[in-house]
Amino acid sequence: MNILALNWNDLKNPYGGGAEVHLEELLRRLVKNGHNVTLFCSGFENCLPEETIEGIKIIRRGNRFNFNLIAPFHLRKLVNNENFDILIEDINKIPFYTPLYLDIKTLVVVPHLFATTVFHETNFMLGSYIYLAERPMVAVYSGKKYNVISQSTADDIAERGVPREDISLVHCGIDADFYSHDATLEKYSEPTILYLGRIKKYKSVQHLISAFKIVKEEINNAKLMIVGAGDYSDVLKKQAKELNLEKNVEFTGFVSKENKLLRLRKAHVAVLPSLKEGWGLTNIEANSCGTTVIAANSPGLKDSVKDGYSGLLYEYGNIYELAEKLKKILSDDIYRKQLERGAIEWAAKFNWDDAAKEFEKVIFDVVGNKL
C-alpha cells in the first residue's frame with residue numbers, strides 16, 4: 001500500500017512531541033510490514049528538505065508559521081504525481097481541511113483537540129484563531145473515518161457530531177524494552193516526586209509546585225524534579241523561589257533519553273497535572289519502569305491510569321487533594337509498592353507492535369481491503 005501521512009512536525013523537529021512519537025512509531029511499523037510511507041510536514045532551521053529515516057520518506061516544506069498556508073499547494077502536487085492509496089492526516093493542532101482540495105481516501109488521526117483549553121495556553125487572539133479553526137472540522141471531514149488514542153478523545157469528537165461508528169480507538173504503545181523495571185535499582189534516598197514533560201502553561205506544573213509546598217510541611221526531606229524544557233520554565237522557577245522551595249525543586253531542562261529512564265526508575269512517584277491530553281504516555285512509561293503515578297482526572301490522562309491500581313487520580317486543580325495523595329504515597333512504602341506492582345502489570349498491556357497491527361486493520365478498512 002502507498003501511504004501519505006500529514007503532520008505539522010516530524011520527530012527531528014524541535015517542536016515535535018507526543019503526537020509525533022505516536023504517528024512515527026506506527027509509520028515505522030507499517031514500513032516493516034511492506035508499505036510505502038511518505039510523511040509530509042513542516043521544516044525547521046537547518047533541516048534537510050527531504051530525507052528517509054527508518055524507511056519513511058520525509059518531505060519538509062515551509063515552517064511552523066506558514067505550513068498550513070502552503071500545505072494545500074504541495075499536497076495537491078504530491079497526490080496528483082503519486083498513486084497514494086490513503087492519506088493519514090494527523091490533527092493535533094489546526095486541521096488542514098484536506099477534503100476541500102484533495103480527492104483521496106482519508107483516515108483522520110486525532111490525539112486530542114484543544115477546544116477552550118487553548119485559552120489557558122496562549123493569548124485571546126491566537127486562542128480564538130485556533131478555537132475557531134477547529135469548529136468546521138466535523139462538517140468538512142463528514143464521511144471520513146477517525147482514529148483516536150483515548151476514550152476521552154472519542155467522546156470529545158462524538159459530542160461534536162462525529163458518528164460513533166466512524167471512530168476507532170487504538171491506544172498508544174511504549175518501548176517496553178527500553179522503559180523497563182530494574183529490580184536491582186533502588187529508589188532515590190529521599191522521597192522524590194517527578195514531573196517529566198514539556199514546560200507549558202496548560203501542563204499545570206504550577207499546581208504541582210503548590211502541592212509540593214504542602215507536602216514539605218510534613219515530609220521535610222521531599223524533593224521535586226521538574227524534567228523538561230518549555231516557555232513556562234521561568235514562571236515556575238519564580239514560583240518556586242517565592243515559596244522558598246529553590247533548594248528542593250530541581251529544574252533540569254532537556255535531558256537525554258537515558259537520563260529520563262534513570263529518573264523514571266528511581267523516582268517514588270511521577271505526577272501529570274495537565275488540564276487536557278490526548279493520552280498520558282509518560283504515565284505508562286513510568287509504570288513500565290516500576291513507578292506509580294498521580295494524574296489529574298482530566299481528558300486523556302484519566303484513560304492512562306487505572307485508579308487505585310497503577311496510580312491515583314485527583315480532581316484537576318485541587319491542590320490539597322494532590323498534596324494528600326502525594327503524602328500518602330511518599331509516607332507509606334507498603335502502599336506505594338502495591339501500586340508499583342499494579343503499575344507494571346498495567347503497563348504491560350500497551351506496546352507499539354500491537355498498536356500498529358490494530359492501526360493497520362483500520363487503514364485497510366478505510367481503503368476497502370481486509371487483512
# chains A, B, ... in the order shown; residues from 1 in each chain; ligands from 1
$ residues_around --residues "Ser298 of chain A" --least-positions-apart "5" --cutoff "12 Å" --atoms "only C-alpha atoms" --output "compact mmCIF listing (two decimals) with N, CA and C atoms, in the first residue's frame"
# COMPACT_ATOMS: atom_id res chain seq x y z
N THR A 117 -9.47 24.79 26.00
CA THR A 117 -8.22 24.71 26.76
C THR A 117 -7.12 25.56 26.14
N SER A 150 -7.57 7.69 22.77
CA SER A 150 -8.17 7.52 24.10
C SER A 150 -9.68 7.63 24.00
N GLN A 151 -10.35 7.07 25.00
CA GLN A 151 -11.80 7.16 25.05
C GLN A 151 -12.24 8.61 25.23
N SER A 152 -11.44 9.40 25.94
CA SER A 152 -11.77 10.81 26.14
C SER A 152 -11.87 11.55 24.81
N THR A 153 -10.91 11.30 23.92
CA THR A 153 -10.95 11.96 22.62
C THR A 153 -12.10 11.44 21.78
N TYR A 202 -0.46 25.00 30.11
CA TYR A 202 -1.59 24.08 30.25
C TYR A 202 -1.20 22.76 30.90
N LYS A 203 0.11 22.51 31.01
CA LYS A 203 0.56 21.31 31.70
C LYS A 203 0.34 21.42 33.21
N SER A 204 0.13 22.65 33.68
CA SER A 204 -0.27 22.92 35.08
C SER A 204 0.74 22.45 36.12
N LEU A 272 1.42 13.90 36.66
CA LEU A 272 1.00 14.61 35.45
C LEU A 272 -0.26 15.41 35.79
N PRO A 273 -0.12 16.73 35.95
CA PRO A 273 -1.25 17.55 36.39
C PRO A 273 -1.98 18.31 35.28
N SER A 274 -1.83 17.90 34.02
CA SER A 274 -2.33 18.67 32.87
C SER A 274 -3.84 18.86 32.87
N LEU A 275 -4.24 19.94 32.23
CA LEU A 275 -5.65 20.24 32.04
C LEU A 275 -6.29 19.28 31.03
N LYS A 276 -5.53 18.90 30.00
CA LYS A 276 -6.06 18.02 28.97
C LYS A 276 -4.90 17.42 28.18
N GLU A 277 -5.01 16.15 27.85
CA GLU A 277 -4.04 15.47 27.00
C GLU A 277 -4.79 14.51 26.09
N GLY A 278 -4.11 14.06 25.04
CA GLY A 278 -4.70 13.01 24.22
C GLY A 278 -4.62 11.67 24.93
N TRP A 279 -3.54 11.48 25.66
CA TRP A 279 -3.23 10.25 26.37
C TRP A 279 -2.09 10.57 27.31
N GLY A 280 -1.87 9.77 28.32
CA GLY A 280 -0.77 10.02 29.24
C GLY A 280 0.37 9.05 29.01
N ASP A 303 -7.58 8.20 31.19
CA ASP A 303 -7.64 6.95 30.43
C ASP A 303 -6.38 6.12 30.61
N SER A 304 -5.27 6.78 30.95
CA SER A 304 -3.99 6.09 31.04
C SER A 304 -3.64 5.65 32.45
N VAL A 305 -4.53 5.89 33.40
CA VAL A 305 -4.31 5.48 34.79
C VAL A 305 -5.46 4.59 35.24
N LEU A 313 -5.79 9.10 40.72
CA LEU A 313 -6.33 10.27 40.05
C LEU A 313 -6.81 11.28 41.09
N TYR A 314 -6.73 12.55 40.75
CA TYR A 314 -7.27 13.60 41.63
C TYR A 314 -8.01 14.62 40.77
N GLU A 315 -8.90 15.36 41.37
CA GLU A 315 -9.65 16.37 40.65
C GLU A 315 -8.71 17.46 40.14
N TYR A 316 -8.76 17.72 38.83
CA TYR A 316 -7.87 18.72 38.25
C TYR A 316 -7.97 20.05 39.01
N GLY A 317 -6.81 20.58 39.36
CA GLY A 317 -6.76 21.88 40.03
C GLY A 317 -6.93 21.84 41.53
N ASN A 318 -7.25 20.66 42.09
CA ASN A 318 -7.44 20.54 43.53
C ASN A 318 -6.08 20.31 44.19
$ residues_around --residues "segment 341-350 of chain A" --least-positions-apart "6" --cutoff "6 Å" --atoms "only C-alpha atoms" --output "ChimeraX atom specification"
/A:173,284,287-288,290,292,309-310
$ closest_residue --among "A:Glu50, A:Asp234, A:Glu285, A:Asp175" --to "Ile199 of chain A" --atoms "only C-alpha atoms"
A:Asp234
$ residues_around --residues "Asp231 of chain A" --least-positions-apart "4" --cutoff "9 Å" --atoms "only C-alpha atoms" --output "VMD selection string"
chain A and resid 198 to 201 235
$ select_by_dssp --residues "segment 32-115 of chain A" --states "strand (DSSP E)" --output "list in words"
Asn36, Val37, Thr38, Leu39, Phe40, Cys41, Ser42, Glu50, Glu51, Thr52, Ile53, Ile56, Lys57, Ile58, Ile59, Arg60, Arg61, Ile86, Leu87, Ile88, Glu89, Asp90, Thr106, Leu107, Val108, Val109 and Val110 of chain A
$ write_last_selection --atoms "N, CA and C atoms" --output "PDB file, in the first residue's frame"
ATOM      1  N   ASN A  36       4.712   1.388   1.580  1.00  0.00           N
ATOM      2  CA  ASN A  36       5.490   2.582   1.256  1.00  0.00           C
ATOM      3  C   ASN A  36       4.873   3.762   2.000  1.00  0.00           C
ATOM      4  N   VAL A  37       5.698   4.502   2.731  1.00  0.00           N
ATOM      5  CA  VAL A  37       5.181   5.587   3.570  1.00  0.00           C
ATOM      6  C   VAL A  37       5.928   6.887   3.284  1.00  0.00           C
ATOM      7  N   THR A  38       5.175   7.933   2.996  1.00  0.00           N
ATOM      8  CA  THR A  38       5.713   9.285   2.829  1.00  0.00           C
ATOM      9  C   THR A  38       5.083  10.182   3.885  1.00  0.00           C
ATOM     10  N   LEU A  39       5.913  10.920   4.613  1.00  0.00           N
ATOM     11  CA  LEU A  39       5.429  11.861   5.624  1.00  0.00           C
ATOM     12  C   LEU A  39       5.696  13.281   5.142  1.00  0.00           C
ATOM     13  N   PHE A  40       4.643  14.075   5.016  1.00  0.00           N
ATOM     14  CA  PHE A  40       4.771  15.478   4.621  1.00  0.00           C
ATOM     15  C   PHE A  40       4.559  16.348   5.855  1.00  0.00           C
ATOM     16  N   CYS A  41       5.521  17.232   6.131  1.00  0.00           N
ATOM     17  CA  CYS A  41       5.470  18.021   7.363  1.00  0.00           C
ATOM     18  C   CYS A  41       6.200  19.342   7.168  1.00  0.00           C
ATOM     19  N   SER A  42       6.193  20.173   8.184  1.00  0.00           N
ATOM     20  CA  SER A  42       6.862  21.473   8.109  1.00  0.00           C
ATOM     21  C   SER A  42       8.361  21.318   8.312  1.00  0.00           C
ATOM     22  N   GLU A  50      14.349  16.957   2.257  1.00  0.00           N
ATOM     23  CA  GLU A  50      13.872  15.586   2.091  1.00  0.00           C
ATOM     24  C   GLU A  50      14.920  14.621   2.634  1.00  0.00           C
ATOM     25  N   GLU A  51      14.476  13.585   3.302  1.00  0.00           N
ATOM     26  CA  GLU A  51      15.358  12.505   3.734  1.00  0.00           C
ATOM     27  C   GLU A  51      14.520  11.291   4.084  1.00  0.00           C
ATOM     28  N   THR A  52      15.162  10.150   4.140  1.00  0.00           N
ATOM     29  CA  THR A  52      14.481   8.911   4.514  1.00  0.00           C
ATOM     30  C   THR A  52      15.026   8.434   5.854  1.00  0.00           C
ATOM     31  N   ILE A  53      14.131   8.235   6.808  1.00  0.00           N
ATOM     32  CA  ILE A  53      14.514   7.789   8.149  1.00  0.00           C
ATOM     33  C   ILE A  53      13.741   6.524   8.474  1.00  0.00           C
ATOM     34  N   ILE A  56      10.867   5.681   6.223  1.00  0.00           N
ATOM     35  CA  ILE A  56       9.847   6.708   5.989  1.00  0.00           C
ATOM     36  C   ILE A  56      10.458   7.842   5.164  1.00  0.00           C
ATOM     37  N   LYS A  57       9.899   8.105   3.995  1.00  0.00           N
ATOM     38  CA  LYS A  57      10.347   9.238   3.193  1.00  0.00           C
ATOM     39  C   LYS A  57       9.726  10.504   3.766  1.00  0.00           C
ATOM     40  N   ILE A  58      10.569  11.409   4.242  1.00  0.00           N
ATOM     41  CA  ILE A  58      10.090  12.633   4.877  1.00  0.00           C
ATOM     42  C   ILE A  58      10.313  13.815   3.939  1.00  0.00           C
ATOM     43  N   ILE A  59       9.242  14.541   3.662  1.00  0.00           N
ATOM     44  CA  ILE A  59       9.293  15.740   2.825  1.00  0.00           C
ATOM     45  C   ILE A  59       8.916  16.930   3.696  1.00  0.00           C
ATOM     46  N   ARG A  60       9.828  17.905   3.801  1.00  0.00           N
ATOM     47  CA  ARG A  60       9.594  19.080   4.644  1.00  0.00           C
ATOM     48  C   ARG A  60       9.479  20.331   3.776  1.00  0.00           C
ATOM     49  N   ARG A  61       8.473  21.125   4.045  1.00  0.00           N
ATOM     50  CA  ARG A  61       8.281  22.376   3.331  1.00  0.00           C
ATOM     51  C   ARG A  61       7.806  23.453   4.307  1.00  0.00           C
ATOM     52  N   ILE A  86      -4.013   6.074   0.368  1.00  0.00           N
ATOM     53  CA  ILE A  86      -4.686   6.674   1.526  1.00  0.00           C
ATOM     54  C   ILE A  86      -3.866   7.837   2.060  1.00  0.00           C
ATOM     55  N   LEU A  87      -4.561   8.824   2.601  1.00  0.00           N
ATOM     56  CA  LEU A  87      -3.936   9.916   3.341  1.00  0.00           C
ATOM     57  C   LEU A  87      -4.239   9.721   4.820  1.00  0.00           C
ATOM     58  N   ILE A  88      -3.203   9.745   5.649  1.00  0.00           N
ATOM     59  CA  ILE A  88      -3.376   9.745   7.103  1.00  0.00           C
ATOM     60  C   ILE A  88      -3.101  11.168   7.572  1.00  0.00           C
ATOM     61  N   GLU A  89      -4.152  11.884   7.940  1.00  0.00           N
ATOM     62  CA  GLU A  89      -3.997  13.269   8.388  1.00  0.00           C
ATOM     63  C   GLU A  89      -4.047  13.326   9.906  1.00  0.00           C
ATOM     64  N   ASP A  90      -2.950  13.757  10.502  1.00  0.00           N
ATOM     65  CA  ASP A  90      -2.848  13.849  11.959  1.00  0.00           C
ATOM     66  C   ASP A  90      -3.257  15.254  12.392  1.00  0.00           C
ATOM     67  N   THR A 106      -9.221   9.007   3.164  1.00  0.00           N
ATOM     68  CA  THR A 106      -8.531   9.675   4.269  1.00  0.00           C
ATOM     69  C   THR A 106      -8.895   9.061   5.612  1.00  0.00           C
ATOM     70  N   LEU A 107      -7.876   8.857   6.437  1.00  0.00           N
ATOM     71  CA  LEU A 107      -8.066   8.497   7.839  1.00  0.00           C
ATOM     72  C   LEU A 107      -7.617   9.686   8.674  1.00  0.00           C
ATOM     73  N   VAL A 108      -8.514  10.186   9.502  1.00  0.00           N
ATOM     74  CA  VAL A 108      -8.221  11.353  10.333  1.00  0.00           C
ATOM     75  C   VAL A 108      -7.776  10.872  11.715  1.00  0.00           C
ATOM     76  N   VAL A 109      -6.523  11.121  12.051  1.00  0.00           N
ATOM     77  CA  VAL A 109      -5.977  10.718  13.351  1.00  0.00           C
ATOM     78  C   VAL A 109      -6.042  11.918  14.295  1.00  0.00           C
ATOM     79  N   VAL A 110      -6.687  11.739  15.431  1.00  0.00           N
ATOM     80  CA  VAL A 110      -6.870  12.846  16.378  1.00  0.00           C
ATOM     81  C   VAL A 110      -6.349  12.438  17.758  1.00  0.00           C
TER      82      VAL A 110
END
$ atom_distance --atom1 "atom CA of Leu245 of chain A" --atom2 "atom CA of Val293 of chain A"
22.1 Å
$ closest_residue --among "A:Glu250, A:Asp166, A:Asp103, A:Asp333" --to "Val362 of chain A" --atoms "only C-alpha atoms"
A:Asp166
$ select_by_dssp --residues "segment 105-255 of chain A" --states "helix (DSSP H, G or I)" --output "ChimeraX atom specification"
/A:115-120,124-134,137-140,151-159,164-166,201-203,205-218,233-242
$ closest_residue --among "A:Val366, A:Ile174, A:Ile219, A:Ile334" --to "Asp353 of chain A" --atoms "only C-alpha atoms"
A:Ile174
$ residues_around --residues "Pro99 of chain A" --least-positions-apart "2" --cutoff "10 Å" --atoms "only C-alpha atoms" --output "PyMOL selection string"
chain A and resi 96-97+101-106+140-142+144
$ atom_distance --atom1 "atom CA of Ala222 of chain A" --atom2 "atom CA of Val255 of chain A"
21.7 Å
$ atom_distance --atom1 "atom CA of Asp354 of chain A" --atom2 "atom CA of Gly368 of chain A"
21.4 Å
$ residues_around --residues "Ala270 of chain A" --least-positions-apart "5" --cutoff "6 Å" --atoms "only C-alpha atoms" --output "list in words"
Ile193, Leu194, Tyr195 and Val293 of chain A
$ closest_residue --among "A:Ala295, A:Ala183, A:Ser256, A:Ile363" --to "Leu4 of chain A" --atoms "only C-alpha atoms"
A:Ile363
$ residues_around --residues "Lys266 of chain A" --least-positions-apart "5" --cutoff "12 Å" --atoms "only C-alpha atoms" --output "list in words"
Ser180, His181, Asp182, Ala183, Thr184, Leu185, Glu186, Lys187, Tyr188, Ser189, Glu190, Pro191, Thr192, Ile193, Leu194, Met225, Asn259, Lys260, Leu261, Ala286, Asn287, Cys289, Gly290, Thr291 and Thr292 of chain A
$ write_last_selection --atoms "N, CA and C atoms" --output "JSON list (two decimals), in the first residue's frame"
[["chain", "number", "residue", "atom", "x", "y", "z"],
["A", 180, "SER", "N", 11.80, -0.21, 31.07],
["A", 180, "SER", "CA", 11.60, -1.47, 31.80],
["A", 180, "SER", "C", 11.98, -1.29, 33.27],
["A", 181, "HIS", "N", 11.44, -2.16, 34.08],
["A", 181, "HIS", "CA", 11.70, -2.12, 35.52],
["A", 181, "HIS", "C", 13.03, -2.80, 35.82],
["A", 182, "ASP", "N", 13.86, -2.15, 36.61],
["A", 182, "ASP", "CA", 15.13, -2.73, 37.05],
["A", 182, "ASP", "C", 15.03, -2.96, 38.56],
["A", 183, "ALA", "N", 14.79, -4.21, 38.94],
["A", 183, "ALA", "CA", 14.56, -4.54, 40.36],
["A", 183, "ALA", "C", 15.81, -4.33, 41.21],
["A", 184, "THR", "N", 16.98, -4.25, 40.57],
["A", 184, "THR", "CA", 18.23, -4.07, 41.32],
["A", 184, "THR", "C", 18.50, -2.60, 41.63],
["A", 185, "LEU", "N", 17.74, -1.72, 41.01],
["A", 185, "LEU", "CA", 17.97, -0.28, 41.18],
["A", 185, "LEU", "C", 17.07, 0.27, 42.28],
["A", 186, "GLU", "N", 17.68, 0.88, 43.28],
["A", 186, "GLU", "CA", 16.91, 1.43, 44.40],
["A", 186, "GLU", "C", 16.34, 2.80, 44.06],
["A", 187, "LYS", "N", 15.27, 3.16, 44.75],
["A", 187, "LYS", "CA", 14.70, 4.49, 44.61],
["A", 187, "LYS", "C", 15.67, 5.51, 45.21],
["A", 188, "TYR", "N", 15.47, 6.78, 44.90],
["A", 188, "TYR", "CA", 16.30, 7.83, 45.48],
["A", 188, "TYR", "C", 16.25, 7.74, 47.00],
["A", 189, "SER", "N", 17.33, 8.17, 47.65],
["A", 189, "SER", "CA", 17.41, 8.08, 49.11],
["A", 189, "SER", "C", 16.40, 8.99, 49.80],
["A", 190, "GLU", "N", 15.99, 10.06, 49.13],
["A", 190, "GLU", "CA", 14.98, 10.96, 49.69],
["A", 190, "GLU", "C", 13.69, 10.85, 48.88],
["A", 191, "PRO", "N", 12.54, 11.01, 49.53],
["A", 191, "PRO", "CA", 11.25, 10.91, 48.81],
["A", 191, "PRO", "C", 11.21, 11.88, 47.63],
["A", 192, "THR", "N", 11.08, 11.33, 46.44],
["A", 192, "THR", "CA", 11.25, 12.15, 45.24],
["A", 192, "THR", "C", 10.03, 12.09, 44.33],
["A", 193, "ILE", "N", 9.54, 13.27, 43.98],
["A", 193, "ILE", "CA", 8.41, 13.44, 43.05],
["A", 193, "ILE", "C", 8.98, 13.88, 41.71],
["A", 194, "LEU", "N", 8.48, 13.31, 40.64],
["A", 194, "LEU", "CA", 8.98, 13.61, 39.30],
["A", 194, "LEU", "C", 7.88, 14.15, 38.40],
["A", 225, "MET", "N", 11.53, 16.97, 41.20],
["A", 225, "MET", "CA", 12.30, 17.12, 39.96],
["A", 225, "MET", "C", 11.36, 17.52, 38.84],
["A", 259, "ASN", "N", 18.94, 9.51, 30.64],
["A", 259, "ASN", "CA", 18.75, 10.21, 31.91],
["A", 259, "ASN", "C", 17.29, 10.19, 32.32],
["A", 260, "LYS", "N", 16.42, 10.34, 31.34],
["A", 260, "LYS", "CA", 14.97, 10.26, 31.57],
["A", 260, "LYS", "C", 14.62, 8.90, 32.15],
["A", 261, "LEU", "N", 15.17, 7.84, 31.57],
["A", 261, "LEU", "CA", 14.91, 6.48, 32.04],
["A", 261, "LEU", "C", 15.33, 6.32, 33.50],
["A", 286, "ALA", "N", 6.32, 5.53, 32.98],
["A", 286, "ALA", "CA", 6.69, 5.45, 34.40],
["A", 286, "ALA", "C", 6.25, 4.12, 35.00],
["A", 287, "ASN", "N", 5.03, 3.71, 34.71],
["A", 287, "ASN", "CA", 4.52, 2.43, 35.20],
["A", 287, "ASN", "C", 5.39, 1.28, 34.75],
["A", 289, "CYS", "N", 8.43, 1.32, 34.15],
["A", 289, "CYS", "CA", 9.70, 1.40, 34.88],
["A", 289, "CYS", "C", 9.53, 1.04, 36.36],
["A", 290, "GLY", "N", 8.31, 0.71, 36.76],
["A", 290, "GLY", "CA", 8.07, 0.33, 38.15],
["A", 290, "GLY", "C", 7.77, 1.50, 39.06],
["A", 291, "THR", "N", 7.29, 2.60, 38.50],
["A", 291, "THR", "CA", 6.98, 3.79, 39.29],
["A", 291, "THR", "C", 5.50, 4.12, 39.16],
["A", 292, "THR", "N", 4.86, 4.32, 40.29],
["A", 292, "THR", "CA", 3.44, 4.67, 40.28],
["A", 292, "THR", "C", 3.27, 6.14, 39.91]]
